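K.L.:
start30.csv is reproduced below (CSV, C-alpha atoms).
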```csv
chain,number,residue,atom,x,y,z
X,749,MET,CA,0.0,0.0,0.0
X,750,ARG,CA,1.6,3.2,-1.2
X,751,ALA,CA,1.1,6.5,0.4
X,752,VAL,CA,-2.0,8.4,-1.0
X,753,ASN,CA,-1.5,11.9,-2.3
X,754,PRO,CA,2.0,12.4,-0.8
X,755,ARG,CA,3.5,15.8,-0.3
X,756,PRO,CA,6.4,16.6,-2.7
X,757,ARG,CA,10.0,15.9,-1.6
X,758,TRP,CA,12.3,18.6,-0.5
X,759,ASN,CA,14.5,20.4,-3.0
X,760,PRO,CA,17.8,18.5,-3.0
X,761,TYR,CA,20.0,21.6,-2.6
X,762,LEU,CA,18.0,22.8,0.4
X,763,SER,CA,18.1,19.3,1.8
X,764,GLY,CA,21.9,19.3,1.4
X,765,ILE,CA,22.3,22.7,3.1
X,766,ALA,CA,20.1,21.5,6.0
X,767,LEU,CA,22.1,18.2,6.2
X,768,GLY,CA,25.4,20.2,6.1
X,769,VAL,CA,24.3,22.5,8.9
X,770,VAL,CA,23.1,19.5,11.1
X,771,LEU,CA,26.4,17.7,10.4
X,772,PHE,CA,28.4,20.7,11.4
X,773,ALA,CA,26.3,21.1,14.6
X,774,THR,CA,27.1,17.5,15.4
X,775,PHE,CA,30.8,18.0,15.0
X,776,PHE,CA,30.6,21.2,17.1
X,777,ALA,CA,28.6,19.6,19.9
X,778,THR,CA,30.2,16.2,20.0
X,779,GLY,CA,33.5,16.3,18.1
X,780,HIS,CA,32.4,13.6,15.7
X,781,GLY,CA,29.9,13.3,12.8
X,782,LEU,CA,26.7,11.4,12.1
X,783,GLY,CA,26.9,7.6,11.8
X,784,VAL,CA,24.7,4.5,11.6
X,785,THR,CA,26.6,1.2,11.6
X,786,GLY,CA,28.2,1.9,15.1
X,787,ALA,CA,24.6,1.3,16.3
X,788,THR,CA,23.8,-1.7,14.1
X,789,THR,CA,27.1,-3.3,15.1
X,790,ALA,CA,26.3,-2.7,18.8
X,791,MET,CA,22.8,-4.1,18.4
X,792,THR,CA,24.1,-7.2,16.5
X,793,ALA,CA,26.8,-7.9,19.2
X,794,VAL,CA,24.5,-7.3,22.2
X,795,GLY,CA,21.6,-9.3,20.5
X,796,VAL,CA,23.8,-12.3,19.8
X,797,ALA,CA,25.5,-12.2,23.2
X,798,SER,CA,22.1,-12.0,25.0
X,799,VAL,CA,21.0,-15.3,23.2
X,800,ALA,CA,24.4,-17.0,23.4
X,801,PRO,CA,26.5,-15.5,26.2
X,802,HIS,CA,29.7,-17.3,25.1
X,803,ALA,CA,29.4,-16.5,21.4
X,804,PHE,CA,32.3,-14.0,21.4
X,805,GLY,CA,35.7,-14.8,22.7
X,806,ALA,CA,38.0,-12.1,24.1
X,807,HIS,CA,39.7,-11.6,20.7
X,808,ASP,CA,36.4,-11.4,18.7
X,809,TYR,CA,35.8,-8.2,16.8
X,810,LEU,CA,32.4,-7.9,18.4
X,811,ALA,CA,33.5,-8.7,22.0
X,812,ALA,CA,34.1,-5.0,22.8
X,813,TYR,CA,30.8,-4.0,21.3
X,814,ALA,CA,28.9,-6.7,23.3
X,815,ARG,CA,30.6,-5.4,26.5
X,816,SER,CA,29.8,-1.7,25.8
X,817,GLY,CA,26.1,-2.3,25.6
X,818,LEU,CA,23.5,-0.2,23.9
X,819,ASN,CA,23.3,3.0,25.9
X,820,SER,CA,25.6,5.0,23.7
X,821,TRP,CA,25.4,8.3,21.7
X,822,ILE,CA,25.3,6.5,18.3
X,823,VAL,CA,22.4,4.1,19.4
X,824,TRP,CA,20.3,7.1,20.5
X,825,GLU,CA,21.2,9.0,17.3
X,826,VAL,CA,19.9,6.1,15.2
X,827,ILE,CA,16.7,5.9,17.4
X,828,GLY,CA,16.4,9.6,16.6
X,829,VAL,CA,16.8,8.9,12.8
X,830,ILE,CA,13.9,6.3,13.0
X,831,VAL,CA,11.7,8.7,15.0
X,832,GLY,CA,12.5,11.6,12.6
X,833,ALA,CA,11.9,9.6,9.5
X,834,LEU,CA,8.6,8.2,10.9
X,835,ALA,CA,7.4,11.7,11.9
X,836,GLY,CA,8.6,13.2,8.5
X,837,SER,CA,6.9,10.5,6.5
X,838,LEU,CA,3.6,10.9,8.4
X,839,LEU,CA,3.6,14.7,8.2
X,840,GLY,CA,4.5,14.5,4.5
X,841,ARG,CA,1.8,11.9,3.9
X,842,ARG,CA,4.6,9.7,2.5
X,843,PHE,CA,4.2,6.9,5.0
X,844,GLY,CA,2.9,3.7,3.6
X,845,PRO,CA,3.3,0.0,4.6
X,846,GLN,CA,4.8,-1.6,1.5
X,847,ILE,CA,7.5,-3.8,0.0
X,848,ASP,CA,9.5,-1.4,-2.2
X,849,GLY,CA,12.3,-2.2,-4.7
X,850,PRO,CA,12.8,-3.1,-8.3
X,851,PRO,CA,9.4,-3.5,-10.0
X,852,ARG,CA,10.6,-6.4,-12.2
X,853,VAL,CA,11.1,-8.6,-9.1
X,854,ARG,CA,8.3,-10.2,-7.1
X,855,SER,CA,7.9,-9.3,-3.4
X,856,PHE,CA,9.7,-12.4,-2.1
X,857,GLY,CA,12.6,-11.8,-4.4
X,858,ARG,CA,12.8,-8.1,-3.4
X,859,LEU,CA,13.0,-9.1,0.3
X,860,GLY,CA,15.8,-11.5,-0.6
X,861,LEU,CA,17.7,-8.8,-2.5
X,862,ALA,CA,17.3,-6.5,0.5
X,863,LEU,CA,18.7,-9.1,2.9
X,864,LEU,CA,21.6,-9.8,0.5
X,865,GLY,CA,22.3,-6.1,-0.1
X,866,GLY,CA,22.2,-5.5,3.6
X,867,ALA,CA,24.8,-8.2,4.2
X,868,ALA,CA,27.2,-6.7,1.7
X,869,SER,CA,26.6,-3.3,3.2
X,870,GLY,CA,27.1,-4.5,6.8
X,871,PHE,CA,30.3,-6.3,5.9
X,872,GLY,CA,31.6,-3.4,3.9
X,873,ALA,CA,30.9,-0.9,6.6
X,874,ARG,CA,32.9,-2.9,9.1
X,875,MET,CA,35.8,-3.1,6.6
X,876,ALA,CA,35.7,0.7,6.1
X,877,MET,CA,35.0,1.5,9.8
X,878,GLY,CA,31.9,3.4,8.7
X,879,CYS,CA,29.1,3.6,6.2
X,880,THR,CA,27.9,6.3,3.8
X,881,SER,CA,27.0,8.5,6.7
X,882,GLY,CA,29.8,7.7,9.2
X,883,MET,CA,32.6,7.6,6.6
X,884,GLY,CA,31.4,9.0,3.3
X,885,LEU,CA,29.6,12.0,4.7
X,886,SER,CA,31.2,12.6,8.1
X,887,GLY,CA,34.7,11.7,6.8
X,888,SER,CA,34.5,13.9,3.7
X,889,ALA,CA,33.1,17.0,5.6
X,890,PRO,CA,36.4,17.7,7.4
X,891,LEU,CA,38.1,16.8,4.1
X,892,ALA,CA,39.6,13.5,5.3
X,893,ALA,CA,41.2,11.6,2.5
X,894,ALA,CA,39.6,8.4,3.9
X,895,GLY,CA,36.1,9.9,3.4
X,896,PHE,CA,36.7,10.6,-0.3
X,897,LEU,CA,38.5,7.2,-0.8
X,898,PHE,CA,35.3,5.6,0.6
X,899,LEU,CA,33.1,7.5,-1.8
X,900,ILE,CA,35.2,6.5,-4.7
X,901,GLY,CA,34.9,2.8,-3.8
X,902,PHE,CA,31.2,3.3,-3.0
X,903,PHE,CA,30.2,5.0,-6.4
X,904,ALA,CA,32.5,2.8,-8.5
X,905,ALA,CA,31.1,-0.5,-7.2
X,906,GLY,CA,27.6,1.0,-6.9
X,907,VAL,CA,27.6,2.1,-10.6
X,908,ALA,CA,29.1,-1.2,-11.8
X,909,PHE,CA,26.5,-3.3,-9.9
X,910,GLY,CA,23.7,-0.7,-10.6
X,911,THR,CA,24.3,-1.2,-14.3
X,912,ILE,CA,24.1,-5.0,-13.9
X,913,PHE,CA,20.8,-4.6,-12.0
X,914,LYS,CA,19.4,-1.9,-14.3
X,915,PRO,CA,16.9,-4.2,-16.2
X,916,LEU,CA,15.1,-5.0,-12.9
X,917,TRP,CA,14.2,-1.3,-12.5
X,918,GLN,CA,12.7,-0.6,-15.9
X,919,ARG,CA,9.0,0.3,-16.5
X,920,LYS,CA,9.0,2.6,-13.5
X,921,SER,CA,8.9,6.3,-13.7
X,922,ILE,CA,11.7,7.8,-11.6
X,923,SER,CA,10.4,10.7,-9.5
A,8,MET,CA,19.9,6.0,32.8
A,9,MET,CA,21.7,8.9,31.2
A,10,ILE,CA,20.4,9.6,27.8
A,11,PRO,CA,22.7,11.4,25.4
A,12,TRP,CA,20.1,14.0,24.3
A,13,THR,CA,22.3,15.5,21.6
A,14,GLY,CA,22.3,12.1,19.9
A,15,LEU,CA,18.6,11.8,20.0
A,16,ALA,CA,18.0,15.4,18.9
A,17,LEU,CA,20.5,15.4,16.1
A,18,GLY,CA,19.4,12.0,15.0
A,19,ILE,CA,15.8,13.2,14.7
A,20,LEU,CA,16.9,16.1,12.5
A,21,PHE,CA,19.1,13.7,10.4
A,22,GLY,CA,16.1,11.4,9.9
A,23,VAL,CA,13.7,14.2,9.0
A,24,ILE,CA,16.1,15.5,6.4
A,25,LEU,CA,16.9,12.1,4.8
A,26,GLU,CA,13.2,11.2,4.6
A,27,GLY,CA,12.3,14.7,3.3
A,28,ALA,CA,14.9,14.4,0.6
A,29,GLY,CA,13.4,11.1,-0.6
A,30,PHE,CA,16.2,8.9,0.7
A,31,GLY,CA,13.8,6.3,2.1
A,32,ASP,CA,12.9,5.4,-1.5
A,33,PRO,CA,15.1,2.7,-3.0
A,34,GLY,CA,14.1,3.8,-6.5
A,35,CYS,CA,15.4,7.3,-5.8
A,36,LEU,CA,18.7,6.0,-4.3
A,37,THR,CA,19.5,3.4,-6.9
A,38,ALA,CA,18.5,5.8,-9.7
A,39,GLN,CA,21.7,7.7,-8.9
A,40,LEU,CA,23.7,4.6,-9.7
A,41,ARG,CA,22.0,4.4,-13.1
A,42,PHE,CA,22.4,8.2,-13.5
A,43,THR,CA,18.7,8.8,-14.0
A,44,ASN,CA,18.2,10.9,-10.9
A,45,TRP,CA,20.9,13.1,-9.3
A,46,ALA,CA,19.3,13.8,-5.9
A,47,VAL,CA,21.8,11.6,-4.0
A,48,PHE,CA,24.8,13.4,-5.5
A,49,LYS,CA,23.2,16.9,-5.0
A,50,VAL,CA,22.2,16.3,-1.4
A,51,MET,CA,25.5,14.6,-0.3
A,52,PHE,CA,27.8,16.9,-2.2
A,53,THR,CA,26.0,20.0,-1.0
A,54,ALA,CA,26.1,18.7,2.6
A,55,ILE,CA,29.8,18.0,2.4
A,56,VAL,CA,30.6,21.4,1.0
A,57,VAL,CA,28.4,23.3,3.5
A,58,SER,CA,29.7,21.4,6.6
A,59,GLY,CA,33.3,21.6,5.2
A,60,ILE,CA,33.0,25.4,4.9
A,61,LEU,CA,31.5,25.7,8.3
A,62,ILE,CA,34.2,23.5,9.9
A,63,TYR,CA,37.1,25.3,8.3
A,64,ALA,CA,35.5,28.8,8.9
A,65,SER,CA,35.1,27.9,12.6
A,66,ARG,CA,38.7,26.8,12.7
A,67,ALA,CA,39.8,30.1,11.1
A,68,LEU,CA,37.8,32.0,13.7
A,69,GLY,CA,39.4,29.8,16.5
A,70,LEU,CA,36.1,28.3,17.5
A,71,ILE,CA,37.2,24.7,16.9
A,72,HIS,CA,40.5,22.9,16.3
A,73,LEU,CA,40.8,20.1,13.8
A,74,SER,CA,42.4,18.0,16.5
A,75,ASP,CA,39.2,18.3,18.5
A,76,ILE,CA,37.1,16.6,15.8
A,77,PHE,CA,37.2,13.1,14.5
A,78,VAL,CA,39.1,12.9,11.2
A,79,PRO,CA,39.3,9.2,10.1
A,80,SER,CA,42.7,7.8,8.9
A,81,VAL,CA,43.2,6.0,5.6
A,82,TYR,CA,43.3,2.2,5.9
A,83,PHE,CA,43.6,1.9,2.1
A,84,TRP,CA,42.2,-1.5,1.3
A,85,GLY,CA,39.7,-1.5,4.2
A,86,THR,CA,38.4,2.0,3.3
A,87,LEU,CA,38.3,1.4,-0.5
A,88,LEU,CA,36.9,-2.2,-0.5
A,89,GLY,CA,34.5,-1.4,2.4
A,90,GLY,CA,33.2,1.5,0.4
A,91,ALA,CA,32.7,-0.9,-2.5
A,92,GLY,CA,30.8,-3.3,-0.3
A,93,VAL,CA,28.4,-0.5,0.8
A,94,GLY,CA,28.0,0.5,-2.9
A,95,ILE,CA,27.3,-3.1,-3.9
A,96,GLY,CA,24.8,-3.3,-1.0
A,97,MET,CA,23.0,-0.3,-2.4
A,98,ALA,CA,22.9,-1.6,-6.0
A,99,VAL,CA,21.6,-5.0,-4.8
A,100,GLY,CA,19.5,-4.1,-1.8
A,101,GLY,CA,18.4,-0.5,-2.6
A,102,TYR,CA,19.8,1.2,0.5
A,103,CYS,CA,22.8,2.1,2.6
A,104,PRO,CA,22.6,1.5,6.4
A,105,GLY,CA,21.1,4.9,7.3
A,106,THR,CA,18.6,5.0,4.4
A,107,SER,CA,17.4,1.5,5.2
A,108,ALA,CA,16.5,2.7,8.7
A,109,VAL,CA,14.6,5.7,7.1
A,110,ALA,CA,12.9,3.2,4.7
A,111,MET,CA,11.8,1.0,7.6
A,112,ALA,CA,10.5,4.0,9.5
A,113,SER,CA,8.4,5.1,6.6
A,114,GLY,CA,6.7,1.8,6.3
A,115,ARG,CA,9.0,-0.3,4.0
A,116,LEU,CA,9.4,-4.0,5.0
A,117,ASP,CA,12.4,-4.3,2.7
A,118,GLY,CA,14.1,-1.6,4.7
A,119,LEU,CA,13.8,-3.9,7.8
A,120,LEU,CA,15.1,-6.9,5.8
A,121,PHE,CA,18.1,-4.8,4.8
A,122,LEU,CA,18.8,-3.9,8.4
A,123,ILE,CA,18.6,-7.7,9.3
A,124,GLY,CA,21.1,-8.3,6.5
A,125,ILE,CA,23.4,-5.7,8.0
A,126,GLY,CA,23.4,-7.8,11.2
A,127,GLY,CA,24.3,-10.9,9.1
A,128,GLY,CA,27.1,-9.1,7.3
A,129,THR,CA,28.4,-7.8,10.7
A,130,LEU,CA,28.6,-11.4,12.0
A,131,ALA,CA,30.3,-12.6,8.8
A,132,PHE,CA,32.9,-9.8,9.3
A,133,ASN,CA,33.4,-10.9,12.9
A,134,ALA,CA,34.0,-14.5,11.7
A,135,VAL,CA,36.6,-13.6,9.1
A,136,PHE,CA,38.2,-10.7,11.0
A,137,PRO,CA,41.2,-12.6,12.4
A,138,ALA,CA,42.2,-13.6,8.8
A,139,ILE,CA,41.8,-10.2,7.2
A,140,LYS,CA,42.6,-7.6,9.9
A,141,SER,CA,46.3,-7.4,9.2
A,142,TRP,CA,45.8,-6.1,5.6
A,143,ILE,CA,42.5,-4.3,5.8
A,144,TYR,CA,43.4,-2.3,8.8
A,145,ALA,CA,47.0,-1.4,7.7
A,146,GLN,CA,47.2,2.4,8.0
A,147,THR,CA,48.3,4.3,4.9
A,148,GLY,CA,50.1,7.5,5.5
A,149,PRO,CA,49.9,9.8,8.6
A,150,ALA,CA,46.9,9.5,11.0
A,151,SER,CA,43.8,11.6,10.1
A,152,ILE,CA,45.3,12.8,6.9
A,153,THR,CA,43.2,15.3,4.9
A,154,VAL,CA,43.0,16.0,1.2
A,155,PRO,CA,44.6,19.5,1.7
A,156,GLN,CA,47.5,17.9,3.6
A,157,LEU,CA,47.9,15.2,1.0
A,158,LEU,CA,48.0,17.7,-1.9
A,159,HIS,CA,49.9,20.4,0.1
A,160,VAL,CA,47.2,23.0,-0.7
A,161,SER,CA,44.9,25.2,1.4
A,162,PRO,CA,41.6,23.6,2.5
A,163,TRP,CA,39.9,26.6,0.8
A,164,VAL,CA,41.3,25.5,-2.5
A,165,VAL,CA,39.9,22.0,-2.0
A,166,LEU,CA,36.5,23.4,-0.9
A,167,ALA,CA,36.5,25.8,-3.9
A,168,VAL,CA,37.2,22.8,-6.2
A,169,LEU,CA,34.4,20.8,-4.6
A,170,LEU,CA,32.0,23.7,-4.9
A,171,ALA,CA,32.9,24.1,-8.6
A,172,VAL,CA,32.4,20.4,-9.2
A,173,LEU,CA,29.0,20.6,-7.5
A,174,VAL,CA,27.8,23.7,-9.4
A,175,THR,CA,29.1,22.4,-12.7
A,176,ILE,CA,27.6,18.9,-12.5
A,177,SER,CA,24.3,20.2,-11.1
A,178,TRP,CA,24.1,22.8,-13.9
A,179,LEU,CA,24.7,20.1,-16.5
A,180,VAL,CA,22.1,17.6,-15.1
A,181,ASP,CA,19.5,20.3,-14.3
A,182,ARG,CA,19.9,21.8,-17.8
A,183,ALA,CA,19.4,18.3,-19.3
A,184,LYS,CA,16.3,17.7,-17.1
A,185,PRO,CA,15.0,20.8,-15.3
A,186,ALA,CA,13.8,20.1,-11.8
A,187,SER,CA,10.0,20.3,-11.9
A,188,PRO,CA,8.6,22.6,-9.2
A,189,ARG,CA,6.0,19.8,-8.7
A,190,THR,CA,8.4,17.1,-7.7
A,191,THR,CA,10.4,19.0,-5.1
A,192,VAL,CA,9.6,21.8,-2.6
A,193,SER,CA,11.4,23.9,-0.1
A,194,PRO,CA,11.3,22.4,3.3
A,195,PHE,CA,10.4,25.8,4.6
A,196,THR,CA,7.2,26.0,2.5
A,197,PRO,CA,4.2,26.2,4.8
A,198,ALA,CA,2.1,23.1,5.0
A,199,GLY,CA,-0.8,23.1,2.6
A,200,THR,CA,0.8,25.3,0.0
A,201,ALA,CA,2.8,22.6,-1.7
A,202,GLN,CA,1.7,21.1,-5.0
A,203,PRO,CA,0.8,17.4,-4.5
A,204,LYS,CA,2.7,15.1,-6.7
A,205,HIS,CA,0.8,12.5,-8.7
```
What does the file become when written as structure tokens?
P.N.:
Amino acid sequence: MRAVNPRPRWNPYLSGIALGVVLFATFFATGHGLGVTGATTAMTAVGVASVAPHAFGAHDYLAAYARSGLNSWIVWEVIGVIVGALAGSLLGRRFGPQIDGPPRVRSFGRLGLALLGGAASGFGARMAMGCTSGMGLSGSAPLAAAGFLFLIGFFAAGVAFGTIFKPLWQRKSIS
Amino acid sequence: MMIPWTGLALGILFGVILEGAGFGDPGCLTAQLRFTNWAVFKVMFTAIVVSGILIYASRALGLIHLSDIFVPSVYFWGTLLGGAGVGIGMAVGGYCPGTSAVAMASGRLDGLLFLIGIGGGTLAFNAVFPAIKSWIYAQTGPASITVPQLLHVSPWVVLAVLLAVLVTISWLVDRAKPASPRTTVSPFTPAGTAQPKH
């Protein structure tokens, strides 16, 4: 079920200016930028450790995350992202329970692709020590070479695989 | 329990902006990878240039020191291949980690599946970490190196080049396909005055 009569999206340049100001405010207030996978990594580690307390040995990558727990700045920031996106989509009449994705794939296949893409993204973000937000955006804003190197890898591989998957997205008007 | 209120407040603003820009929509995000929609480039590049100018202007005014803020170091293969992994994830799954949370919050079940997939990828990384850590986390160059330091130029030169790239590419793609006033709107437009999109 798609949203009925949604309000238009924001202008991309004004969205970018707003995002730049919020990112700067984050640096100014906390000394670091905005991120996401710090929280998903903590949730994964704490979740697995709560089911299987001995899952991680002392030398496991996730051992420190499991010990640190969930009451951290980044986890609350991601809770904020979810609250903000929910509020924004409701106020903008863009909220709609649905399975979204390439129109040429059936719902079950779309969910499989989402799961598979998420796995590639989660693995990649740990390799890079950050995702599009935490490394691409928050690394490039203070002009870190690492941020731009991340974006080069991100767009090169994204465009290559995006071209491979292009036929799945045909017959849909891009808005 | 101490709640870090800056995290919650800045996160809410981050979520409102990402959702408003249309970044909860996998069609909008992956269209950038097919070069049929430039919103991802415009939003990200504008945000980088704006926050970069604010950071370096604050430094020039003595309000902040670069050593006080987190500037990531280059771990060449980890940073590059990790970026590629996140890029492949977007082409295959439609999102990156932050936008999948936005998608889930705006009602998309595939956004939730993407987040579960991130958990799986994180566990896979944990499993192979001992075998790959020596080469993916080998630091390249000095810690926290910036592009201006790497190129031995002023940060203002780099920011000016980034701004020029943003303006040039935006002008080229907007000239090819002018942004319709019906498809986007100022976030500051009062509710009810916006044209509905059909």
K.L.:
Pick the closest to A:Ala112 from X:Gly860, X:Gly836, X:Gly884, X:Pro850: which is it, counting only C-alpha atoms?
P.N.:
X:Gly836
K.L.:
Neighbouring residues of X:Ala790 were defined as those with any atom within 8 Å, considering all atoms listed in the file; residues of the same chain fewer than 3 positions away were excluded. Please report them as a list of chain:residue names.
P.N.:
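So, after excluding close chain neighbours, the residues are X:Gly786, X:Ala787, X:Ala793, X:Val794, X:Tyr813, X:Ala814, X:Ser816, X:Gly817, X:Leu818, X:Val823.
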K.L.:
For C-alpha atoms, I'd like the residues from the last selection saved as a PDB file, in the frame of the given file.
P.N.:
```pdb
ATOM      1  CA  GLY X 786      28.200   1.900  15.100  1.00  0.00           C
ATOM      2  CA  ALA X 787      24.600   1.300  16.300  1.00  0.00           C
ATOM      3  CA  ALA X 793      26.800  -7.900  19.200  1.00  0.00           C
ATOM      4  CA  VAL X 794      24.500  -7.300  22.200  1.00  0.00           C
ATOM      5  CA  TYR X 813      30.800  -4.000  21.300  1.00  0.00           C
ATOM      6  CA  ALA X 814      28.900  -6.700  23.300  1.00  0.00           C
ATOM      7  CA  SER X 816      29.800  -1.700  25.800  1.00  0.00           C
ATOM      8  CA  GLY X 817      26.100  -2.300  25.600  1.00  0.00           C
ATOM      9  CA  LEU X 818      23.500  -0.200  23.900  1.00  0.00           C
ATOM     10  CA  VAL X 823      22.400   4.100  19.400  1.00  0.00           C
TER      11      VAL X 823
END
```
K.L.:
So, with only C-alpha atoms as the atoms that count, which of X:Ala800, X:Leu861, X:Ala835, X:Leu782 lies closest to X:Ile847?
P.N.:
X:Leu861
K.L.:
Within 10 Å of A:Gly124, counting only C-alpha atoms, which residues qualify if same-chain residues fewer than 5 places away don't, as a ChimeraX atom specification?
P.N.:
/X:860-871 /A:96,100,104,118-119,129-130
K.L.:
Excluding X:Ser888 and residues on its chain fewer than 3 positions from it, collect all residues at most 12 Å away from it, counting all atoms listed in the file, and give them as an MDAnalysis selection string.
P.N.:
(chainID X and resid 768 771:772 781:782 878:885 891:900) or (chainID A and resid 51:60 62 77:81 151:155 165:166 169)
K.L.:
Of the candidates X:Ala773, X:Phe856, X:Val784, X:Met791, which one gets nearest to A:Cys103 if we count all atoms listed in the file?
P.N.:
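Once distances to A:Cys103 are computed over all atoms listed in the file, the minimum belongs to X:Val784.
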K.L.:
For a cutoff of 6 Å around the file-coordinate point (21.7, 1.1, -9.9), which residues qualify once you count all atoms listed in the file? I'd like the result as a list of chain:residue names.
P.N.:
X:Gly910, X:Thr911, X:Lys914, A:Thr37, A:Ala38, A:Leu40, A:Arg41, A:Ala98
K.L.:
As an exercise, work out the distance from atom CA of X:Leu762 to atom CA of A:Val50 in Å and give it to one decimal place.
P.N.:
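Separating atom CA of X:Leu762 from atom CA of A:Val50 is a distance of 7.9 Å.
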K.L.:
Residues at most 8 Å from X:Gly840, counting only C-alpha atoms, excluding those fewer than 6 positions away in the same chain, as number ranges by chain?
P.N.:
X: 754-756; A: 27
K.L.:
Select, counting all atoms listed in the file, all protein, DNA and RNA residues no farther than 6 Å from (45.4, 5.5, 5.7) in file coordinates, and express the selection as a ChimeraX atom specification.
P.N.:
/A:80-83,146-148
